[in-house]
file run20.cif (mmCIF, C-alpha atoms)
data_query
loop_
_atom_site.label_atom_id
_atom_site.label_comp_id
_atom_site.auth_asym_id
_atom_site.auth_seq_id
_atom_site.Cartn_x
_atom_site.Cartn_y
_atom_site.Cartn_z
CA MET Y 1 -22.02 22.71 42.24
CA THR Y 2 -18.33 22.87 43.14
CA ASP Y 3 -15.79 25.12 41.48
CA TYR Y 4 -12.58 25.60 43.41
CA GLY Y 5 -11.58 28.49 41.16
CA HIS Y 6 -8.20 27.19 40.04
CA ASP Y 7 -6.69 28.31 36.78
CA LEU Y 8 -7.03 25.70 34.05
CA LEU Y 9 -4.20 23.38 33.06
CA PHE Y 10 -3.98 21.16 29.98
CA GLY Y 11 -1.57 18.36 29.35
CA SER Y 12 -0.67 15.24 27.43
CA PHE Y 13 -0.26 11.70 28.77
CA ILE Y 14 2.51 10.19 26.65
CA THR Y 15 3.43 6.50 26.64
CA PRO Y 16 7.18 6.26 27.43
CA THR Y 17 7.80 3.43 24.97
CA ASN Y 18 11.45 2.75 24.25
CA ALA Y 19 10.79 0.99 20.93
CA ASP Y 20 10.49 4.36 19.19
CA PRO Y 21 12.35 7.08 21.10
CA GLU Y 22 11.70 9.65 18.41
CA GLN Y 23 7.94 9.28 18.89
CA VAL Y 24 8.20 10.11 22.59
CA LEU Y 25 10.35 13.14 21.82
CA ALA Y 26 8.05 14.27 19.00
CA LEU Y 27 4.91 14.00 21.14
CA THR Y 28 6.57 16.02 23.89
CA ALA Y 29 7.66 18.66 21.39
CA ALA Y 30 4.14 18.69 19.92
CA SER Y 31 2.71 19.22 23.40
CA GLU Y 32 4.95 22.22 23.98
CA ALA Y 33 4.27 23.62 20.51
CA ALA Y 34 0.52 23.33 21.11
CA GLY Y 35 0.87 25.48 24.22
CA LEU Y 36 0.02 22.73 26.70
CA ASP Y 37 1.00 23.27 30.31
CA LEU Y 38 2.02 19.69 31.08
CA ALA Y 39 3.58 16.63 29.52
CA THR Y 40 3.10 13.55 31.71
CA PHE Y 41 4.35 9.97 31.57
CA GLN Y 42 3.32 6.76 33.28
CA ASP Y 43 5.91 5.10 35.50
CA HIS Y 44 6.24 1.31 35.53
CA PRO Y 45 9.88 0.50 36.39
CA TYR Y 46 9.23 -3.22 35.93
CA GLN Y 47 8.12 -2.72 32.32
CA PRO Y 48 11.09 -3.35 29.99
CA GLY Y 49 9.24 -1.82 27.05
CA PHE Y 50 9.24 1.59 28.74
CA PHE Y 51 11.98 4.09 29.40
CA ASP Y 52 12.78 4.71 33.02
CA THR Y 53 10.46 7.61 33.66
CA TRP Y 54 12.78 9.67 35.85
CA THR Y 55 15.58 9.41 33.32
CA LEU Y 56 13.13 10.42 30.60
CA LEU Y 57 11.89 13.43 32.58
CA SER Y 58 15.46 14.59 33.10
CA PHE Y 59 16.27 14.28 29.41
CA LEU Y 60 13.08 16.04 28.34
CA ALA Y 61 13.63 18.87 30.81
CA ALA Y 62 16.78 19.70 28.87
CA ARG Y 63 15.00 19.42 25.51
CA THR Y 64 12.07 21.72 26.41
CA SER Y 65 11.78 25.26 27.71
CA THR Y 66 8.22 26.09 28.80
CA ILE Y 67 6.21 22.93 29.40
CA ARG Y 68 6.04 21.36 32.85
CA LEU Y 69 6.80 17.68 33.31
CA THR Y 70 5.60 15.03 35.74
CA ALA Y 71 5.20 11.32 36.23
CA ASN Y 72 1.59 10.22 36.00
CA VAL Y 73 2.20 8.78 38.56
CA LEU Y 74 5.57 7.79 40.08
CA ASN Y 75 5.79 4.20 41.35
CA LEU Y 76 6.68 4.83 44.98
CA PRO Y 77 7.32 1.21 46.08
CA LEU Y 78 10.43 1.07 43.88
CA ARG Y 79 11.68 4.59 44.63
CA PRO Y 80 12.97 5.61 48.10
CA PRO Y 81 11.12 8.81 49.08
CA ALA Y 82 14.15 10.72 50.36
CA VAL Y 83 15.89 10.11 47.02
CA VAL Y 84 12.71 11.05 45.14
CA ALA Y 85 12.58 14.32 47.09
CA ARG Y 86 16.14 15.28 46.19
CA ALA Y 87 15.78 14.16 42.59
CA ALA Y 88 12.56 16.10 42.07
CA ALA Y 89 13.88 19.25 43.72
CA SER Y 90 17.14 19.05 41.78
CA LEU Y 91 15.35 18.69 38.44
CA ASP Y 92 12.95 21.49 39.37
CA VAL Y 93 15.88 23.84 40.01
CA LEU Y 94 17.69 22.78 36.84
CA SER Y 95 14.54 23.18 34.70
CA GLY Y 96 13.55 26.57 36.10
CA GLY Y 97 10.60 25.34 38.14
CA ARG Y 98 8.95 23.02 35.63
CA ILE Y 99 8.55 19.78 37.60
CA GLU Y 100 5.53 18.53 39.52
CA LEU Y 101 5.46 15.31 41.55
CA GLY Y 102 2.77 12.77 40.79
CA LEU Y 103 2.86 9.85 43.23
CA GLY Y 104 1.15 6.46 43.34
CA ALA Y 105 0.90 3.94 46.16
CA GLY Y 106 1.71 1.08 43.78
CA ALA Y 107 -0.03 -1.67 41.88
CA PHE Y 108 1.03 -4.83 39.98
CA TRP Y 109 2.67 -6.20 43.10
CA ASP Y 110 4.04 -9.36 41.49
CA ALA Y 111 6.06 -7.17 39.12
CA ILE Y 112 7.13 -4.87 41.97
CA VAL Y 113 8.36 -7.84 44.02
CA ALA Y 114 10.17 -9.22 40.96
CA MET Y 115 12.13 -5.95 40.83
CA GLY Y 116 13.10 -6.20 44.49
CA GLY Y 117 10.27 -4.24 46.07
CA GLU Y 118 8.34 -5.22 49.19
CA ARG Y 119 4.85 -6.65 48.73
CA LEU Y 120 2.35 -4.50 50.60
CA THR Y 121 -1.34 -4.85 51.27
CA PRO Y 122 -3.55 -1.99 50.02
CA GLY Y 123 -3.68 -0.55 53.52
CA GLU Y 124 0.07 -0.86 54.01
CA SER Y 125 0.76 0.83 50.67
CA ILE Y 126 -1.32 3.86 51.70
CA THR Y 127 0.46 4.04 55.06
CA ALA Y 128 3.75 3.93 53.16
CA LEU Y 129 2.59 6.70 50.83
CA GLY Y 130 1.70 8.92 53.78
CA GLU Y 131 5.13 8.31 55.32
CA ALA Y 132 6.78 9.09 51.98
CA ILE Y 133 4.96 12.42 51.67
CA GLU Y 134 6.11 13.38 55.17
CA ILE Y 135 9.72 12.56 54.23
CA ILE Y 136 9.54 14.37 50.89
CA ARG Y 137 8.12 17.53 52.42
CA GLY Y 138 10.70 17.28 55.20
CA ILE Y 139 13.60 17.07 52.75
CA TRP Y 140 12.25 20.11 50.89
CA ASP Y 141 11.85 22.16 54.10
CA THR Y 142 15.21 23.92 54.07
CA GLY Y 143 13.90 26.56 56.45
CA ASP Y 144 14.09 23.94 59.20
CA HIS Y 145 17.75 23.46 60.11
CA SER Y 146 17.23 20.36 62.23
CA LEU Y 147 18.06 16.90 60.94
CA LEU Y 148 15.06 15.07 59.50
CA ARG Y 149 13.81 12.05 61.39
CA VAL Y 150 10.73 10.08 60.36
CA ASP Y 151 10.30 6.69 62.00
CA GLY Y 152 7.71 5.13 59.73
CA THR Y 153 6.66 1.54 59.41
CA HIS Y 154 7.75 1.32 55.78
CA HIS Y 155 9.85 4.44 55.18
CA ARG Y 156 12.35 5.90 57.63
CA VAL Y 157 15.02 8.57 57.74
CA ASP Y 158 17.20 9.04 60.79
CA GLY Y 159 19.08 12.31 60.77
CA ALA Y 160 18.87 13.14 57.07
CA LYS Y 161 20.06 16.57 56.03
CA ARG Y 162 17.42 18.70 54.33
CA GLY Y 163 17.57 20.11 50.83
CA PRO Y 164 17.65 21.11 48.15
CA ALA Y 165 14.36 22.99 48.04
CA PRO Y 166 12.43 23.01 44.76
CA ALA Y 167 12.58 26.16 42.65
CA HIS Y 168 8.82 26.62 43.00
CA ASP Y 169 6.08 25.43 45.31
CA MET Y 170 6.01 21.98 43.76
CA GLY Y 171 2.70 20.17 43.77
CA ILE Y 172 2.36 16.62 45.09
CA TRP Y 173 -0.47 15.04 43.09
CA LEU Y 174 -1.81 11.61 44.04
CA GLY Y 175 -3.38 9.01 41.82
CA ALA Y 176 -6.18 7.79 44.09
CA TYR Y 177 -9.49 5.93 43.87
CA LYS Y 178 -10.42 4.20 47.14
CA PRO Y 179 -11.70 5.99 50.26
CA ARG Y 180 -8.59 5.59 52.42
CA ILE Y 181 -6.19 7.04 49.88
CA LEU Y 182 -8.72 9.74 48.99
CA ARG Y 183 -8.71 10.76 52.65
CA LEU Y 184 -4.91 10.85 52.56
CA THR Y 185 -5.18 13.08 49.48
CA GLY Y 186 -7.42 15.50 51.34
CA ARG Y 187 -5.12 15.61 54.37
CA THR Y 188 -1.75 15.89 52.70
CA ALA Y 189 -1.72 16.35 48.91
CA ASP Y 190 -1.78 19.35 46.59
CA GLY Y 191 -3.67 17.56 43.84
CA TRP Y 192 -5.83 14.57 42.95
CA LEU Y 193 -5.03 12.92 39.60
CA PRO Y 194 -7.39 10.04 38.70
CA SER Y 195 -8.29 8.70 35.26
CA LEU Y 196 -11.83 9.22 34.01
CA ALA Y 197 -11.73 5.80 32.32
CA TYR Y 198 -11.46 4.14 35.75
CA MET Y 199 -14.64 5.81 36.97
CA LYS Y 200 -17.93 4.00 36.48
CA SER Y 201 -19.88 7.26 36.35
CA ILE Y 202 -19.70 10.96 37.09
CA GLN Y 203 -21.20 10.11 40.48
CA ASP Y 204 -17.90 8.39 41.33
CA LEU Y 205 -16.17 11.75 40.85
CA VAL Y 206 -18.76 13.44 43.06
CA ASP Y 207 -18.36 10.86 45.81
CA ALA Y 208 -14.55 11.01 45.69
CA ASN Y 209 -14.60 14.81 45.83
CA GLU Y 210 -16.76 14.68 48.93
CA ILE Y 211 -14.30 12.34 50.65
CA ILE Y 212 -11.35 14.59 49.76
CA ASP Y 213 -13.21 17.71 50.87
CA GLY Y 214 -14.20 16.15 54.18
CA ALA Y 215 -10.68 14.96 54.92
CA ALA Y 216 -9.21 18.34 54.00
CA SER Y 217 -11.62 20.16 56.31
CA ALA Y 218 -10.97 17.71 59.16
CA ALA Y 219 -7.25 18.38 58.77
CA GLY Y 220 -7.74 22.14 59.00
CA ARG Y 221 -7.29 22.72 55.27
CA GLN Y 222 -9.57 24.23 52.67
CA PRO Y 223 -11.04 21.81 50.08
CA GLY Y 224 -9.66 24.11 47.41
CA ASP Y 225 -6.13 23.41 48.65
CA VAL Y 226 -6.37 20.20 46.60
CA ARG Y 227 -6.39 20.80 42.85
CA ARG Y 228 -8.48 18.27 40.91
CA LEU Y 229 -6.88 17.02 37.69
CA LEU Y 230 -8.22 14.33 35.38
CA ASN Y 231 -6.65 11.97 32.88
CA ILE Y 232 -8.98 11.85 29.90
CA THR Y 233 -9.30 10.01 26.61
CA GLY Y 234 -11.68 10.65 23.75
CA ARG Y 235 -12.14 10.92 20.03
CA LEU Y 236 -12.46 14.04 17.92
CA THR Y 237 -15.20 13.70 15.33
CA SER Y 238 -17.04 16.08 13.03
CA ALA Y 239 -20.48 15.23 14.41
CA PRO Y 240 -21.69 15.45 18.02
CA SER Y 241 -22.52 12.31 19.95
CA GLU Y 242 -24.03 11.30 23.26
CA GLN Y 243 -20.70 9.94 24.46
CA MET Y 244 -18.35 11.75 26.79
CA LEU Y 245 -15.52 13.40 24.83
CA VAL Y 246 -16.51 11.83 21.53
CA GLY Y 247 -17.42 14.67 19.19
CA PRO Y 248 -16.19 17.99 17.80
CA PRO Y 249 -14.06 20.39 19.84
CA GLU Y 250 -17.06 22.47 20.88
CA GLN Y 251 -18.65 19.40 22.49
CA TRP Y 252 -15.43 18.74 24.40
CA VAL Y 253 -15.48 22.35 25.60
CA GLU Y 254 -19.04 22.05 26.90
CA GLN Y 255 -18.42 18.76 28.66
CA LEU Y 256 -15.14 19.84 30.22
CA ALA Y 257 -16.78 23.09 31.34
CA THR Y 258 -19.32 21.03 33.25
CA LEU Y 259 -16.55 19.06 34.92
CA THR Y 260 -14.85 22.34 35.86
CA LEU Y 261 -17.80 24.39 37.06
CA GLU Y 262 -19.87 21.64 38.64
CA HIS Y 263 -17.29 19.11 39.77
CA GLY Y 264 -14.21 21.20 40.51
CA PHE Y 265 -11.75 19.85 37.95
CA SER Y 266 -9.18 22.26 36.60
CA GLY Y 267 -6.59 20.09 34.90
CA TYR Y 268 -7.16 17.86 31.88
CA VAL Y 269 -4.47 15.46 30.69
CA LEU Y 270 -5.13 13.78 27.35
CA GLY Y 271 -3.95 10.26 26.60
CA GLY Y 272 -3.78 8.53 23.26
CA ASP Y 273 -0.43 9.58 21.76
CA ASP Y 274 -2.19 11.42 18.92
CA PRO Y 275 -0.34 14.56 17.77
CA ARG Y 276 -3.45 15.93 16.05
CA ALA Y 277 -5.52 15.60 19.22
CA ILE Y 278 -2.72 17.26 21.20
CA ALA Y 279 -2.75 20.19 18.78
CA VAL Y 280 -6.53 20.55 18.92
CA LEU Y 281 -6.51 20.38 22.71
CA GLY Y 282 -3.91 23.10 23.02
CA GLN Y 283 -4.96 25.39 20.17
CA GLU Y 284 -8.75 25.06 20.08
CA ILE Y 285 -10.22 23.36 23.15
CA ALA Y 286 -8.03 24.97 25.82
CA PRO Y 287 -8.55 28.61 24.75
CA ALA Y 288 -12.29 28.12 24.27
CA LEU Y 289 -12.67 26.39 27.62
CA ARG Y 290 -10.66 29.06 29.40
CA GLU Y 291 -12.86 31.75 27.88
CA LEU Y 292 -16.09 29.95 28.78
CA VAL Y 293 -15.03 29.22 32.35
CA ALA Y 294 -13.80 32.79 32.86
CA ALA Y 295 -17.12 34.13 31.58
CA GLU Y 296 -19.07 31.84 33.90
CA ARG Y 297 -16.90 32.84 36.82
CA GLY Y 298 -17.46 36.48 35.89
CA ALA Y 299 -13.77 37.27 36.18
CA GLY Y 300 -12.96 38.27 32.61
CA PRO Y 301 -10.55 36.48 30.30
CA GLU Y 302 -8.25 34.02 32.05
CA PRO Y 303 -4.51 34.31 31.31
CA ARG Y 304 -3.21 31.84 28.79
CA ARG Y 305 -0.55 30.58 31.15
CA PRO Y 306 0.60 31.46 34.68
CA GLU Y 307 3.34 34.06 34.80
CA ARG Y 308 5.71 31.49 36.26
CA PRO Y 309 5.40 27.71 36.52
CA GLY Y 310 4.88 27.69 40.26
CA ASP Y 311 1.80 29.89 40.14
CA ALA Y 312 -0.48 27.08 38.95
CA ARG Y 313 -1.46 24.67 41.67
#
call {"tool": "encode", "arguments": {"input": "run20.cif", "output": "structure tokens"}}
result
Amino acid sequence: MTDYGHDLLFGSFITPTNADPEQVLALTAASEAAGLDLATFQDHPYQPGFFDTWTLLSFLAARTSTIRLTANVLNLPLRPPAVVARAAASLDVLSGGRIELGLGAGAFWDAIVAMGGERLTPGESITALGEAIEIIRGIWDTGDHSLLRVDGTHHRVDGAKRGPAPAHDMGIWLGAYKPRILRLTGRTADGWLPSLAYMKSIQDLVDANEIIDGAASAAGRQPGDVRRLLNITGRLTSAPSEQMLVGPPEQWVEQLATLTLEHGFSGYVLGGDDPRAIAVLGQEIAPALRELVAAERGAGPEPRRPERPGDAR
């Protein structure tokens, strides 16, 4: 059993469709009203049916006041990492510390190339992601007054000035599935953000956790330095079922408690663009799961929300 002891986070995974802007805004508002911690958005810059995710995050940061926002996950091959670092830090300051940074190594390479990006092999894309993380952390490190130089194979900066720093200790969360990028997650990231639908079984989660833990330990880190978050989908029904996350709220609570206490997950991000499900997650499932996990941990009731956005990692 693995429980890293992190506070629990709950979020929505909202499709950034530009055909109905009001729906995107309404789902984000519903997420905040339900008391969710996060509103997240996929990032596919080559998809003309979607808003540009960074523009959307900036707009929503001004339209919300408590909920944190992140890409789930940002398409790095079409976004220079030094610019990403400054954009993320700037928005974090402007929003009062409500931005996290989800990053992806890239997929759909034909579409990426069509938009002017470089085609990379899977191995090259992970190398590029590692270089990007080094640059991003370097830009944020305003305590170092030297010029930033990173001579990577795919990403380089040569004498870049550092700053601004984020308003809080911003998490870098990676969408990762294969062993090499899982090892990079363990060495360098603050969070792992896969989708349950892409896993063949719970054993896949177990195996991936072991790879992340091993890489973290080998890098001199603690396995718990990497928060485990999970994109989930499901269906709320009145009757229980044998299926994962298909049943009444109490079944969801039991199944998510198992993922938390036995497999180390502490963040659950619900897809589906269903305002009712968002409300149930925030108002029924989240409080019940927090109470159950706190009781199992023997630590008393868990706070509803961290005192400040940066406390939850």
call {"tool": "resolve_selection", "arguments": {"input": "run20.cif", "expression": "the PyMOL selection byres ((chain Y and resi 129-145) around 8)", "output": "compact mmCIF listing (two decimals) with C-alpha atoms, keeping the file's coordinate frame"}}
result
# COMPACT_ATOMS: atom_id res chain seq x y z
CA LEU Y 76 6.68 4.83 44.98
CA PRO Y 81 11.12 8.81 49.08
CA ALA Y 82 14.15 10.72 50.36
CA VAL Y 84 12.71 11.05 45.14
CA ALA Y 85 12.58 14.32 47.09
CA ARG Y 86 16.14 15.28 46.19
CA ALA Y 89 13.88 19.25 43.72
CA GLY Y 104 1.15 6.46 43.34
CA ALA Y 105 0.90 3.94 46.16
CA SER Y 125 0.76 0.83 50.67
CA ILE Y 126 -1.32 3.86 51.70
CA THR Y 127 0.46 4.04 55.06
CA ALA Y 128 3.75 3.93 53.16
CA SER Y 146 17.23 20.36 62.23
CA LEU Y 147 18.06 16.90 60.94
CA LEU Y 148 15.06 15.07 59.50
CA VAL Y 150 10.73 10.08 60.36
CA GLY Y 152 7.71 5.13 59.73
CA HIS Y 154 7.75 1.32 55.78
CA HIS Y 155 9.85 4.44 55.18
CA ARG Y 156 12.35 5.90 57.63
CA VAL Y 157 15.02 8.57 57.74
CA ALA Y 160 18.87 13.14 57.07
CA LYS Y 161 20.06 16.57 56.03
CA ARG Y 162 17.42 18.70 54.33
CA GLY Y 163 17.57 20.11 50.83
CA PRO Y 164 17.65 21.11 48.15
CA ALA Y 165 14.36 22.99 48.04
CA PRO Y 166 12.43 23.01 44.76
CA LEU Y 184 -4.91 10.85 52.56
CA THR Y 188 -1.75 15.89 52.70
call {"tool": "residues_around", "arguments": {"input": "run20.cif", "residues": "Y:Asp20", "least_positions_apart": "4", "cutoff": "12 Å", "atoms": "only C-alpha atoms", "output": "NGL selection string"}}
result
:Y and (15-16 or 24-27 or 49-51)
call {"tool": "resolve_selection", "arguments": {"input": "run20.cif", "expression": "the PyMOL selection byres ((chain Y and resi 197) around 10)", "output": "list in words"}}
result
Pro194, Ser195, Leu196, Tyr198, Met199, Lys200, Ser201, Leu230, Asn231, Ile232, Thr233 and Gly234 of chain Y
call {"tool": "residues_around", "arguments": {"input": "run20.cif", "residues": "Y:Leu259", "least_positions_apart": "5", "cutoff": "9 Å", "atoms": "only C-alpha atoms", "output": "number ranges by chain"}}
result
Y: 3, 202, 254, 264-266
call {"tool": "closest_residue", "arguments": {"input": "run20.cif", "among": "Y:Gln203, Y:Thr260, Y:Thr153, Y:Thr70", "to": "Y:Trp54", "atoms": "all atoms listed in the file"}}
result
Y:Thr70
call {"tool": "closest_residue", "arguments": {"input": "run20.cif", "among": "Y:Leu103, Y:Ala111, Y:Leu205, Y:Ala277", "to": "Y:Ala189", "atoms": "only C-alpha atoms"}}
result
Y:Leu103
call {"tool": "resolve_selection", "arguments": {"input": "run20.cif", "expression": "the PyMOL selection byres ((chain Y and resi 282-284) around 9)", "output": "list in words"}}
result
Phe10, Gly11, Ser31, Glu32, Ala33, Ala34, Gly35, Leu36, Asp37, Pro249, Glu250, Ala277, Ile278, Ala279, Val280, Leu281, Ile285, Ala286, Pro287, Ala288 and Leu289 of chain Y
